[in-house]
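The next block is coords-v1.cif, given as mmCIF, C-alpha atoms and all ligand atoms.
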data_model
#
loop_
_atom_site.label_atom_id
_atom_site.label_comp_id
_atom_site.auth_asym_id
_atom_site.auth_seq_id
_atom_site.Cartn_x
_atom_site.Cartn_y
_atom_site.Cartn_z
CA MET A 1471 119.22 114.47 88.97
CA THR A 1472 116.56 117.08 89.62
CA LYS A 1473 113.95 116.32 92.23
CA PRO A 1474 110.34 115.55 91.23
CA THR A 1475 108.05 118.52 91.71
CA ILE A 1476 104.76 118.75 93.60
CA ALA A 1477 102.10 121.43 93.42
CA THR A 1478 98.99 121.79 95.56
CA CYS A 1479 95.94 123.93 95.03
CA SER A 1480 92.69 124.65 96.84
CA LEU A 1481 89.34 125.48 95.21
CA ALA A 1482 86.03 125.49 97.10
CA GLY A 1483 87.28 123.60 100.12
CA CYS A 1484 88.06 124.38 103.74
CA PHE A 1485 91.83 123.77 103.64
CA GLY A 1486 91.29 120.71 105.81
CA CYS A 1487 92.98 118.55 103.18
CA HIS A 1488 96.05 120.78 103.20
CA MET A 1489 96.04 120.62 106.99
CA SER A 1490 95.91 116.84 106.80
CA LEU A 1491 98.88 116.83 104.40
CA LEU A 1492 100.83 118.87 106.97
CA ASP A 1493 99.71 116.33 109.56
CA ILE A 1494 102.31 113.88 108.19
CA ASP A 1495 104.34 115.66 110.90
CA GLU A 1496 108.11 115.21 110.79
CA ARG A 1497 107.83 113.18 107.59
CA ILE A 1498 107.44 116.57 105.91
CA VAL A 1499 111.21 116.84 106.38
CA ASP A 1500 111.66 113.59 104.44
CA LEU A 1501 109.23 114.82 101.83
CA VAL A 1502 111.11 118.03 101.12
CA GLN A 1503 114.28 115.95 100.70
CA LEU A 1504 112.49 113.93 98.05
CA VAL A 1505 110.57 116.61 96.18
CA GLN A 1506 110.59 120.24 95.23
CA PHE A 1507 107.39 122.11 96.13
CA ASP A 1508 106.13 124.27 93.28
CA ARG A 1509 102.83 126.19 93.26
CA SER A 1510 101.11 125.78 96.62
CA PRO A 1511 99.46 127.86 99.33
CA LEU A 1512 102.34 126.53 101.45
CA THR A 1513 104.98 128.17 99.24
CA ASP A 1514 102.75 131.10 98.23
CA ILE A 1515 103.72 130.51 94.58
CA LYS A 1516 100.61 131.42 92.59
CA HIS A 1517 101.15 129.58 89.30
CA CYS A 1518 102.86 126.33 88.36
CA SER A 1519 106.23 126.68 86.61
CA GLU A 1520 106.18 126.85 82.83
CA GLN A 1521 107.80 123.42 82.47
CA GLY A 1522 105.00 121.85 84.55
CA VAL A 1523 105.10 119.73 87.68
CA ASP A 1524 105.10 115.99 88.23
CA ILE A 1525 102.34 115.63 90.81
CA GLY A 1526 99.46 118.02 91.47
CA LEU A 1527 97.11 117.68 94.45
CA ILE A 1528 93.81 119.48 94.10
CA GLU A 1529 91.51 120.16 97.06
CA GLY A 1530 87.97 121.54 96.87
CA ALA A 1531 85.02 121.60 94.50
CA LEU A 1532 84.15 124.01 91.69
CA CYS A 1533 81.74 126.71 92.80
CA ASN A 1534 82.66 129.69 90.62
CA ALA A 1535 84.20 130.62 87.28
CA GLU A 1536 87.59 131.31 88.83
CA ASN A 1537 87.71 127.78 90.29
CA ILE A 1538 87.18 126.36 86.80
CA HIS A 1539 89.87 128.58 85.29
CA THR A 1540 92.31 127.62 88.07
CA LEU A 1541 91.57 123.93 87.71
CA ARG A 1542 92.06 123.97 83.92
CA GLU A 1543 95.38 125.79 84.24
CA PHE A 1544 96.45 123.41 87.01
CA ARG A 1545 95.53 120.37 84.93
CA ARG A 1546 97.58 121.65 81.98
CA ARG A 1547 100.66 121.97 84.17
CA CYS A 1548 100.42 118.71 86.14
CA ARG A 1549 101.55 115.40 84.69
CA ILE A 1550 99.67 113.46 87.41
CA LEU A 1551 96.61 115.12 88.91
CA VAL A 1552 95.17 113.78 92.17
CA ALA A 1553 91.69 114.77 93.38
CA VAL A 1554 92.02 115.10 97.14
CA GLY A 1555 89.10 114.94 99.54
CA THR A 1556 85.32 114.74 99.38
CA CYS A 1557 84.76 118.25 97.95
CA ALA A 1558 87.02 117.60 94.95
CA ILE A 1559 85.68 114.08 94.44
CA SER A 1560 81.95 114.61 94.88
CA GLY A 1561 81.30 118.27 95.68
CA GLY A 1562 81.12 117.68 99.44
CA VAL A 1563 79.62 120.20 101.82
CA PRO A 1564 79.72 123.09 99.27
CA ALA A 1565 77.45 121.00 97.02
CA LEU A 1566 74.70 121.15 99.63
CA ARG A 1567 73.47 124.23 97.78
CA ASN A 1568 72.96 122.28 94.57
CA ARG A 1569 69.29 121.65 95.13
CA ILE A 1570 68.57 125.31 95.79
CA PRO A 1571 68.53 127.77 92.85
CA VAL A 1572 71.49 130.20 92.98
CA GLU A 1573 69.16 133.19 93.15
CA GLU A 1574 67.49 131.81 96.26
CA CYS A 1575 70.89 131.19 97.86
CA LEU A 1576 72.00 134.76 97.14
CA ASN A 1577 68.73 136.25 98.36
CA GLU A 1578 68.96 134.32 101.60
CA ALA A 1579 72.61 135.18 102.18
CA TYR A 1580 72.57 138.85 101.20
CA LEU A 1581 69.00 140.14 101.23
CA GLN A 1582 66.71 138.26 103.59
CA GLY A 1583 69.07 136.61 106.07
CA GLN A 1584 68.96 137.70 109.68
CA GLY A 1585 70.99 140.70 110.84
CA ILE A 1586 71.88 141.97 107.37
CA ASP A 1587 72.79 145.63 107.22
CA GLN A 1588 72.29 147.36 103.83
CA PRO A 1589 71.02 144.32 101.95
CA GLN A 1590 72.50 144.02 98.46
CA ILE A 1591 73.77 141.21 96.27
CA PRO A 1592 77.52 141.71 95.72
CA ASN A 1593 78.17 142.50 92.09
CA ASP A 1594 81.68 143.63 91.35
CA VAL A 1595 83.84 142.77 88.34
CA GLU A 1596 86.49 141.56 90.78
CA LEU A 1597 84.16 138.88 92.12
CA PRO A 1598 84.13 135.56 90.26
CA LEU A 1599 80.69 134.54 89.04
CA LEU A 1600 78.98 131.75 90.92
CA MET A 1601 78.24 128.57 88.98
CA ASP A 1602 74.66 127.31 88.85
CA LYS A 1603 75.84 124.30 90.83
CA VAL A 1604 78.91 123.14 92.69
CA TYR A 1605 80.73 120.54 90.58
CA PRO A 1606 83.25 117.86 91.45
CA VAL A 1607 86.56 118.25 89.60
CA HIS A 1608 86.16 115.12 87.47
CA GLU A 1609 83.26 116.77 85.66
CA VAL A 1610 85.64 119.32 84.14
CA VAL A 1611 89.09 117.75 83.78
CA HIS A 1612 90.65 114.30 83.66
CA ILE A 1613 91.70 113.03 87.08
CA ASP A 1614 94.45 110.44 87.43
CA TYR A 1615 93.98 109.38 91.06
CA SER A 1616 91.56 110.09 93.89
CA LEU A 1617 92.33 110.31 97.58
CA PRO A 1618 88.97 110.08 99.38
CA GLY A 1619 88.22 111.35 102.88
CA CYS A 1620 87.08 114.48 104.64
CA PRO A 1621 89.96 115.02 104.97
CA PRO A 1622 91.99 112.02 103.79
CA PRO A 1623 94.16 110.79 106.69
CA ALA A 1624 97.76 112.08 106.75
CA ASP A 1625 98.96 108.51 106.22
CA ALA A 1626 96.88 108.33 103.05
CA PHE A 1627 98.79 111.31 101.62
CA TRP A 1628 102.04 109.67 102.62
CA SER A 1629 101.06 106.33 101.11
CA LEU A 1630 99.96 107.89 97.82
CA LEU A 1631 102.91 110.24 97.46
CA THR A 1632 105.57 107.65 98.30
CA ALA A 1633 103.99 105.21 95.84
CA LEU A 1634 103.94 107.80 93.04
CA LEU A 1635 107.49 108.91 93.79
CA GLU A 1636 108.74 105.34 93.73
CA GLY A 1637 106.87 104.66 90.51
CA ARG A 1638 104.45 102.22 92.13
CA GLU A 1639 100.70 102.11 91.53
CA PRO A 1640 99.13 103.70 94.66
CA SER A 1641 96.80 101.50 96.67
CA LEU A 1642 95.38 102.56 100.00
CA ASP A 1643 95.13 100.17 102.94
CA TYR A 1644 91.63 99.81 104.41
CA PRO A 1645 91.96 102.30 107.30
CA LEU A 1646 93.27 104.91 104.87
CA ARG A 1647 90.38 104.52 102.46
CA ARG A 1648 87.44 106.35 104.00
CA PHE A 1649 84.73 108.76 102.98
CA ASP A 1650 84.45 110.74 106.22
CA MET B 926 81.09 72.14 109.25
CA GLN B 927 78.51 69.38 108.94
CA GLU B 928 78.81 66.86 106.15
CA SER B 929 76.12 67.51 103.58
CA GLU B 930 75.26 65.52 100.52
CA PHE B 931 74.60 68.74 98.65
CA SER B 932 77.45 71.04 97.75
CA PHE B 933 78.52 73.55 95.14
CA GLU B 934 81.76 75.32 94.36
CA LEU B 935 82.19 78.99 95.36
CA ASP B 936 85.43 80.60 94.18
CA GLY B 937 87.12 77.23 94.15
CA THR B 938 85.91 76.02 97.57
CA ASP B 939 83.25 73.37 98.09
CA LEU B 940 80.32 74.71 100.13
CA PRO B 941 77.60 72.49 101.57
CA PHE B 942 74.00 73.69 101.41
CA GLU B 943 70.54 72.60 102.38
CA PRO B 944 68.05 72.27 99.54
CA GLY B 945 66.07 75.48 99.09
CA GLN B 946 68.86 77.73 100.35
CA SER B 947 69.95 80.56 98.11
CA ILE B 948 73.60 80.90 97.12
CA MET B 949 73.75 83.89 99.48
CA GLU B 950 72.34 81.89 102.41
CA ALA B 951 74.74 79.02 101.84
CA ALA B 952 77.69 81.41 101.58
CA THR B 953 76.62 83.33 104.69
CA GLN B 954 76.27 80.08 106.61
CA ALA B 955 79.83 79.20 105.64
CA GLY B 956 81.04 82.65 106.69
CA VAL B 957 81.74 83.85 103.16
CA TYR B 958 80.78 87.45 102.40
CA ILE B 959 79.05 88.19 99.11
CA PRO B 960 78.41 91.96 98.79
CA HIS B 961 74.71 92.78 99.09
CA LEU B 962 72.36 95.61 99.97
CA CYS B 963 68.72 94.68 99.44
CA HIS B 964 69.22 91.23 100.94
CA HIS B 965 68.55 90.85 104.66
CA PRO B 966 68.47 87.42 106.31
CA ASP B 967 65.18 88.07 108.14
CA LEU B 968 63.32 89.34 105.10
CA ARG B 969 61.80 87.77 102.03
CA ARG B 970 63.95 87.87 98.91
CA ASN B 971 63.88 91.00 96.80
CA GLY B 972 66.70 90.72 94.27
CA SER B 973 66.64 94.35 93.18
CA CYS B 974 70.04 95.91 93.87
CA LYS B 975 72.09 93.40 91.86
CA LEU B 976 75.11 93.97 94.03
CA CYS B 977 75.25 90.27 94.83
CA THR B 978 75.64 89.39 91.16
CA VAL B 979 77.76 86.27 90.77
CA LYS B 980 78.52 83.99 87.86
CA VAL B 981 76.81 80.61 88.06
CA ASN B 982 78.21 78.15 85.55
CA GLY B 983 79.43 81.15 83.57
CA ARG B 984 76.14 83.09 83.60
CA PHE B 985 75.28 86.14 85.66
CA GLY B 986 72.73 85.78 88.43
CA SER B 987 71.78 87.22 91.82
CA ALA B 988 73.23 85.20 94.68
CA CYS B 989 70.41 86.29 97.00
CA ALA B 990 67.69 85.07 94.65
CA LEU B 991 69.17 82.00 92.98
CA PRO B 992 68.79 78.68 94.79
CA ALA B 993 72.06 76.84 95.31
CA GLN B 994 72.28 73.80 93.07
CA ALA B 995 74.36 70.71 93.64
CA GLY B 996 77.50 70.67 91.55
CA CYS B 997 77.25 74.19 90.18
CA THR B 998 80.27 76.47 89.97
CA VAL B 999 79.88 79.98 91.35
CA GLU B 1000 82.35 82.84 90.94
CA SER B 1001 82.02 85.83 93.26
CA ASN B 1002 85.31 87.38 94.26
CA THR B 1003 86.69 88.04 90.76
CA SER B 1004 88.00 91.33 89.43
CA GLU B 1005 85.31 91.34 86.73
CA LEU B 1006 82.49 91.10 89.28
CA GLN B 1007 84.10 93.50 91.74
CA GLU B 1008 84.42 96.05 88.91
CA MET B 1009 80.73 95.65 88.03
CA ARG B 1010 79.77 95.99 91.68
CA ARG B 1011 81.92 99.08 91.97
CA GLN B 1012 79.98 100.68 89.13
CA ILE B 1013 76.65 99.80 90.74
CA VAL B 1014 77.76 101.44 94.00
CA GLN B 1015 79.04 104.51 92.15
CA MET B 1016 75.64 104.81 90.46
CA LEU B 1017 73.90 104.58 93.84
CA PHE B 1018 76.15 107.31 95.19
CA VAL B 1019 75.47 109.79 92.35
CA GLU B 1020 71.76 109.01 92.22
CA GLY B 1021 71.18 109.86 95.87
CA ASN B 1022 72.75 112.59 97.95
CA HIS B 1023 75.21 110.80 100.20
CA TYR B 1024 77.18 113.13 102.44
CA CYS B 1025 79.40 110.71 104.34
CA PRO B 1026 81.45 113.43 106.11
CA PHE B 1027 78.56 114.45 108.35
CA CYS B 1028 76.19 111.49 108.16
CA GLU B 1029 75.39 109.93 111.54
CA LYS B 1030 75.47 106.49 109.94
CA SER B 1031 79.00 106.86 108.58
CA GLY B 1032 81.17 103.99 109.75
CA ASN B 1033 78.09 101.85 110.38
CA CYS B 1034 76.62 102.15 106.89
CA GLN B 1035 76.34 99.16 104.60
CA LEU B 1036 76.38 101.27 101.43
CA GLN B 1037 79.66 102.79 102.54
CA VAL B 1038 81.26 99.51 103.55
CA VAL B 1039 80.26 97.86 100.31
CA ALA B 1040 81.91 100.80 98.51
CA TYR B 1041 85.06 100.23 100.57
CA HIS B 1042 84.92 96.50 99.90
CA VAL B 1043 84.74 96.91 96.13
CA GLY B 1044 87.55 99.47 96.16
CA MET B 1045 85.56 102.55 95.22
CA VAL B 1046 87.55 105.79 95.64
CA ASP B 1047 85.61 108.18 93.40
CA MET B 1048 82.13 108.76 91.95
CA HIS B 1049 83.10 108.29 88.30
CA PHE B 1050 79.68 109.55 87.11
CA PRO B 1051 78.34 113.12 87.41
CA PRO B 1052 76.10 113.57 90.46
CA PHE B 1053 72.34 113.94 89.83
CA ASN B 1054 71.77 116.45 92.68
CA THR B 1055 68.16 115.36 92.85
CA ALA B 1056 65.94 117.17 95.35
CA ARG B 1057 64.38 114.59 97.65
CA GLN B 1058 61.95 115.17 100.46
CA LEU B 1059 63.06 115.00 104.07
CA ASP B 1060 60.48 113.74 106.54
CA ALA B 1061 61.16 114.77 110.14
CA SER B 1062 57.53 114.51 111.25
CA HIS B 1063 57.95 111.39 113.39
CA ARG B 1064 58.82 111.76 117.06
CA GLU B 1065 61.52 109.07 117.18
CA MET B 1066 62.61 108.38 113.61
CA LEU B 1067 63.92 110.51 110.76
CA LEU B 1068 63.34 109.63 107.11
CA ASP B 1069 66.06 111.24 104.99
CA ARG B 1070 65.28 110.26 101.41
CA ASP B 1071 68.62 111.71 100.25
CA ARG B 1072 70.22 108.60 101.72
CA CYS B 1073 67.61 106.08 100.55
CA ILE B 1074 68.73 103.48 98.01
CA GLN B 1075 65.24 102.03 97.46
CA CYS B 1076 66.23 98.58 98.69
CA ALA B 1077 62.73 97.95 100.08
CA ARG B 1078 64.05 96.41 103.28
CA CYS B 1079 61.81 98.67 105.39
CA VAL B 1080 58.89 97.98 103.04
CA ARG B 1081 59.22 94.22 103.51
CA ALA B 1082 59.91 94.42 107.24
CA SER B 1083 56.87 96.58 107.83
CA GLN B 1084 54.60 94.38 105.73
CA ASP B 1085 55.79 90.96 106.74
CA LEU B 1086 57.22 91.26 110.25
CA ASP B 1087 55.41 94.25 111.76
CA LYS B 1088 52.15 93.68 109.82
CA LYS B 1089 51.80 97.46 109.50
CA ASN B 1090 52.48 98.13 105.82
CA ILE B 1091 53.83 101.61 106.45
CA PHE B 1092 56.25 101.93 103.52
CA GLY B 1093 56.06 101.46 99.78
CA LEU B 1094 58.06 102.26 96.67
CA ALA B 1095 56.33 104.47 94.12
CA GLY B 1096 57.41 105.61 90.66
CA ARG B 1097 59.68 103.94 88.17
CA GLY B 1098 63.31 103.83 87.17
CA MET B 1099 65.33 106.70 88.52
CA ASN B 1100 62.16 108.41 89.78
CA ILE B 1101 61.38 105.64 92.22
CA ARG B 1102 60.90 106.95 95.77
CA LEU B 1103 60.07 105.60 99.17
CA VAL B 1104 56.53 106.65 100.12
CA VAL B 1105 54.71 106.50 103.43
CA ASN B 1106 51.25 105.04 103.80
CA SER B 1107 49.28 107.83 105.51
CA ASP B 1108 46.85 110.44 104.19
CA SER B 1109 49.42 113.18 104.58
CA GLY B 1110 52.25 110.98 103.32
CA LEU B 1111 54.11 111.82 106.51
CA LEU B 1112 55.73 109.31 108.83
CA GLY B 1113 54.45 111.16 111.89
CA ASP B 1114 50.89 110.31 110.89
CA THR B 1115 51.45 106.54 110.98
CA ASP B 1116 51.74 104.14 113.90
CA PHE B 1117 55.41 103.55 113.07
CA SER B 1118 57.60 102.96 116.11
CA SER B 1119 61.34 102.82 116.65
CA ALA B 1120 60.75 99.35 118.12
CA ASP B 1121 59.41 98.07 114.75
CA HIS B 1122 61.50 95.66 112.73
CA ALA B 1123 61.28 98.18 109.89
CA ALA B 1124 63.17 100.66 112.04
CA GLN B 1125 66.14 98.30 112.38
CA VAL B 1126 66.84 97.16 108.83
CA CYS B 1127 67.81 100.23 106.80
CA PRO B 1128 71.31 99.64 105.37
CA THR B 1129 72.00 103.39 105.12
CA GLY B 1130 71.15 106.40 107.26
CA ALA B 1131 67.84 106.97 105.46
CA LEU B 1132 65.65 105.65 108.25
CA ILE B 1133 67.45 106.53 111.43
CA ARG B 1134 66.77 107.15 115.12
CA LYS B 1135 66.58 110.80 116.06
CA ASP B 1136 67.93 110.42 119.58
CA GLN B 1137 71.28 108.77 118.86
CA ALA B 1138 73.24 111.21 116.68
CA TYR B 1139 76.77 109.78 116.39
CA PRO B 1140 76.51 106.71 118.60
CA CYS B 1141 80.19 105.71 118.75
CA PRO B 1142 83.54 107.39 118.19
CA ILE B 1143 85.59 106.99 115.01
CA GLY B 1144 87.77 103.94 115.45
CA SER B 1145 85.16 101.83 117.23
CA ARG B 1146 82.45 101.88 114.61
CA LEU B 1147 81.30 98.63 113.06
CA TYR B 1148 83.06 99.12 109.73
CA ASP B 1149 86.25 100.67 111.01
CA THR B 1150 87.44 97.11 110.46
CA PRO B 1151 87.06 95.59 106.98
CA ILE B 1152 83.91 93.59 106.46
CA SER B 1153 85.99 90.60 105.35
CA GLN B 1154 87.21 90.37 108.95
CA HIS B 1155 83.69 90.36 110.42
CA THR B 1156 81.78 87.30 111.46
CA ILE B 1157 79.63 87.30 108.40
CA ARG B 1158 76.53 85.76 109.93
CA GLN B 1159 76.34 88.46 112.55
CA ASP B 1160 77.10 91.15 110.09
CA ALA B 1161 74.27 90.26 107.76
CA ARG B 1162 71.99 90.78 110.73
CA HIS B 1163 73.46 94.10 111.63
CA ASP B 1164 70.87 96.89 111.71
S1 LIG A 1701 64.62 103.85 103.86
FE1 LIG A 1701 66.38 102.47 104.07
S2 LIG A 1701 65.45 100.40 104.18
FE2 LIG A 1701 63.87 101.77 103.35
S3 LIG A 1701 64.08 101.57 101.10
FE3 LIG A 1701 65.34 103.37 101.76
S4 LIG A 1701 67.43 102.53 102.06
FE4 LIG A 1701 66.00 100.78 102.01
S1 LIG A 1702 71.41 91.61 97.48
FE1 LIG A 1702 70.91 90.36 95.79
S2 LIG A 1702 69.95 91.73 94.40
FE2 LIG A 1702 70.28 92.97 96.21
#

Take the structure in this file and express it as structure tokens.
Amino acid sequence: MTKPTIATCSLAGCFGCHMSLLDIDERIVDLVQLVQFDRSPLTDIKHCSEQGVDIGLIEGALCNAENIHTLREFRRRCRILVAVGTCAISGGVPALRNRIPVEECLNEAYLQGQGIDQPQIPNDVELPLLMDKVYPVHEVVHIDYSLPGCPPPADAFWSLLTALLEGREPSLDYPLRRFD
Amino acid sequence: MQESEFSFELDGTDLPFEPGQSIMEAATQAGVYIPHLCHHPDLRRNGSCKLCTVKVNGRFGSACALPAQAGCTVESNTSELQEMRRQIVQMLFVEGNHYCPFCEKSGNCQLQVVAYHVGMVDMHFPPFNTARQLDASHREMLLDRDRCIQCARCVRASQDLDKKNIFGLAGRGMNIRLVVNSDSGLLGDTDFSSADHAAQVCPTGALIRKDQAYPCPIGSRLYDTPISQHTIRQDARHD
């Protein structure tokens, strides 16, 4: 029997959720016995395999056009998609800019901010366009499960993944269900 | 528990009550937690948040506002009601700007613990991202309207207990906002004090002391243990 596959992906986040996943410590050895890692910053595979993956973990919010493209592609390839962490679930810290017009944000960061040498707003075709606002992932694609926390505790990852792998409905114990 | 000639049934258990008590008061006295936000045991009834909605003889009603009646049957801890409460909390979260990861009140916040209690793990609705005014003009207290859920606890405490009438709610529907009773509209221009009752009753981090920051480490905060394991009477009085 082939092993179930897992992919992970980070959008506008800080990688804290990925760090917390790694924080399951030596259980990572058990995990790689149970699953095959597909696309992930941990494997450096950039796209999910054609045949898709069983479980996808998505970290981070949507702040630019590339994030949206990545999320849509990721959703298409994942049978179960889990929104991981506050940024993915509600926008989190990146969404702090949502009440400030994008132009004002750019002006402050690149034109008027302190200590800026050669003020100019970056404008290169290589750079993904900023969205008007930072969006949580559920505003763009269907999400199957959410793992709250900033980041979610390592044990929460373990609890969710083992439940999904054993075909059980995930349910987080109280200390694992937190928003901070 | 003292024998009482008056009793009603809450989730299958007989609860005694004294005439005039609300369902919430009778439940609290018996140590049973009914989720609530605008209710506070020291303040007059408000009945606005609807989080305490229960079914009384099959009909919806607010436990904090409805008087207990002898012989009535009340349902509270059912999946139907928990689901409705979960949606109310999700709406509160998307309507305001609640950044739990860096909020000083996190772990001691009643909005957050109610969300935990009703099993909320996501926002469900799209966030409003409404711009709300921050008021840092007061020496001791910060008013962060992003975190305000318009429960009117501070309004009632200031009017009834402090006799100062510093706060009010203005506007309607989703535009309702907490306002401050001074010419400038700023908290710093009132005689508000951190010793006021109104400074102790905010369920969220909206009205918060400036000098405390993060008062206790993660793990020893009030709601690091589930609210169902708290002594409910004390908890309802938590500020
Ligand atoms: S500041 Fe706090 S107590 Fe006052 S209305 Fe807002 S949430 Fe309620
Ligand atoms: S606690 Fe009863 S309506 Fe708010």

Distance limit 10 Å, reference ligand LIG 1702 (chain A), atoms considered: only C-alpha atoms and all ligand atoms. Which residues make the cut? Give them as a CSV table (one decimal) with C-alpha atoms, keeping the file's coordinate frame.
chain,number,residue,atom,x,y,z
B,948,ILE,CA,73.6,80.9,97.1
B,949,MET,CA,73.8,83.9,99.5
B,959,ILE,CA,79.0,88.2,99.1
B,960,PRO,CA,78.4,92.0,98.8
B,961,HIS,CA,74.7,92.8,99.1
B,962,LEU,CA,72.4,95.6,100.0
B,963,CYS,CA,68.7,94.7,99.4
B,964,HIS,CA,69.2,91.2,100.9
B,965,HIS,CA,68.6,90.8,104.7
B,970,ARG,CA,64.0,87.9,98.9
B,971,ASN,CA,63.9,91.0,96.8
B,972,GLY,CA,66.7,90.7,94.3
B,973,SER,CA,66.6,94.4,93.2
B,974,CYS,CA,70.0,95.9,93.9
B,975,LYS,CA,72.1,93.4,91.9
B,976,LEU,CA,75.1,94.0,94.0
B,977,CYS,CA,75.2,90.3,94.8
B,978,THR,CA,75.6,89.4,91.2
B,979,VAL,CA,77.8,86.3,90.8
B,986,GLY,CA,72.7,85.8,88.4
B,987,SER,CA,71.8,87.2,91.8
B,988,ALA,CA,73.2,85.2,94.7
B,989,CYS,CA,70.4,86.3,97.0
B,990,ALA,CA,67.7,85.1,94.6
B,991,LEU,CA,69.2,82.0,93.0
B,1076,CYS,CA,66.2,98.6,98.7
B,1077,ALA,CA,62.7,98.0,100.1

Item to complete: May I have the residues of chain B within 9 Å of chain A, counting only C-alpha atoms, written as a PyMOL selection string?
Response: chain B and resi 1019+1022+1024-1028+1031-1032+1037+1041-1042+1044-1052+1054-1057+1149-1151

Discussion item. Could you list, as a VMD selection string, every residue within 9 Å of region 1516-1527 of chain A, counting all atoms listed in the file and ignoring same-chain residues fewer than 3 positions away?
Written reply: chain A and resid 1474 to 1480 1508 to 1511 1513 1543 to 1554 1631 1634 to 1635

Worksheet item: Using only C-alpha atoms and all ligand atoms, what are the residues with an atom within 10 Å of ligand LIG 1701 (chain A), set out as a VMD selection string?
Response: chain B and resid 962 to 963 1035 to 1036 1067 to 1083 1092 to 1094 1102 to 1104 1123 to 1133 1164

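Here CA of Ser1001 (chain B) and CA of Val981 (chain B) stand 9.0 Å from one another.
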
Please produce region 1533-1538 of chain A, completed to all heavy atoms, as a PDB file, in the coordinates of the input.
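What landed in part-v3.pdb:
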ATOM      1  N   CYS A1533      82.977 125.980  92.527  1.00  0.00           N
ATOM      2  CA  CYS A1533      81.740 126.710  92.800  1.00  0.00           C
ATOM      3  C   CYS A1533      81.642 128.004  92.006  1.00  0.00           C
ATOM      4  O   CYS A1533      80.568 128.580  91.907  1.00  0.00           O
ATOM      5  CB  CYS A1533      81.565 126.953  94.297  1.00  0.00           C
ATOM      6  SG  CYS A1533      82.501 128.301  94.942  1.00  0.00           S
ATOM      7  N   ASN A1534      82.761 128.465  91.415  1.00  0.00           N
ATOM      8  CA  ASN A1534      82.660 129.690  90.620  1.00  0.00           C
ATOM      9  C   ASN A1534      83.581 129.628  89.407  1.00  0.00           C
ATOM     10  O   ASN A1534      84.371 128.691  89.247  1.00  0.00           O
ATOM     11  CB  ASN A1534      82.946 130.927  91.491  1.00  0.00           C
ATOM     12  CG  ASN A1534      84.358 130.917  92.067  1.00  0.00           C
ATOM     13  OD1 ASN A1534      85.292 130.451  91.430  1.00  0.00           O
ATOM     14  ND2 ASN A1534      84.508 131.417  93.275  1.00  0.00           N
ATOM     15  N   ALA A1535      83.469 130.632  88.547  1.00  0.00           N
ATOM     16  CA  ALA A1535      84.200 130.620  87.280  1.00  0.00           C
ATOM     17  C   ALA A1535      85.707 130.625  87.508  1.00  0.00           C
ATOM     18  O   ALA A1535      86.459 130.006  86.742  1.00  0.00           O
ATOM     19  CB  ALA A1535      83.792 131.849  86.445  1.00  0.00           C
ATOM     20  N   GLU A1536      86.148 131.280  88.564  1.00  0.00           N
ATOM     21  CA  GLU A1536      87.590 131.310  88.830  1.00  0.00           C
ATOM     22  C   GLU A1536      88.110 129.912  89.183  1.00  0.00           C
ATOM     23  O   GLU A1536      89.204 129.522  88.760  1.00  0.00           O
ATOM     24  CB  GLU A1536      87.882 132.285  89.985  1.00  0.00           C
ATOM     25  CG  GLU A1536      89.358 132.490  90.198  1.00  0.00           C
ATOM     26  CD  GLU A1536      89.687 133.088  91.559  1.00  0.00           C
ATOM     27  OE1 GLU A1536      88.904 132.907  92.519  1.00  0.00           O
ATOM     28  OE2 GLU A1536      90.734 133.740  91.654  1.00  0.00           O
ATOM     29  N   ASN A1537      87.307 129.148  89.950  1.00  0.00           N
ATOM     30  CA  ASN A1537      87.710 127.780  90.290  1.00  0.00           C
ATOM     31  C   ASN A1537      87.953 126.970  89.006  1.00  0.00           C
ATOM     32  O   ASN A1537      88.906 126.195  88.914  1.00  0.00           O
ATOM     33  CB  ASN A1537      86.613 127.057  91.087  1.00  0.00           C
ATOM     34  CG  ASN A1537      86.407 127.612  92.493  1.00  0.00           C
ATOM     35  OD1 ASN A1537      85.328 127.488  93.043  1.00  0.00           O
ATOM     36  ND2 ASN A1537      87.441 128.215  93.073  1.00  0.00           N
ATOM     37  N   ILE A1538      87.075 127.147  88.034  1.00  0.00           N
ATOM     38  CA  ILE A1538      87.180 126.360  86.800  1.00  0.00           C
ATOM     39  C   ILE A1538      88.444 126.764  86.031  1.00  0.00           C
ATOM     40  O   ILE A1538      89.201 125.919  85.560  1.00  0.00           O
ATOM     41  CB  ILE A1538      85.921 126.574  85.931  1.00  0.00           C
ATOM     42  CG1 ILE A1538      84.721 126.091  86.748  1.00  0.00           C
ATOM     43  CG2 ILE A1538      86.059 125.899  84.562  1.00  0.00           C
ATOM     44  CD1 ILE A1538      83.673 125.345  86.038  1.00  0.00           C
TER      45      ILE A1538
END
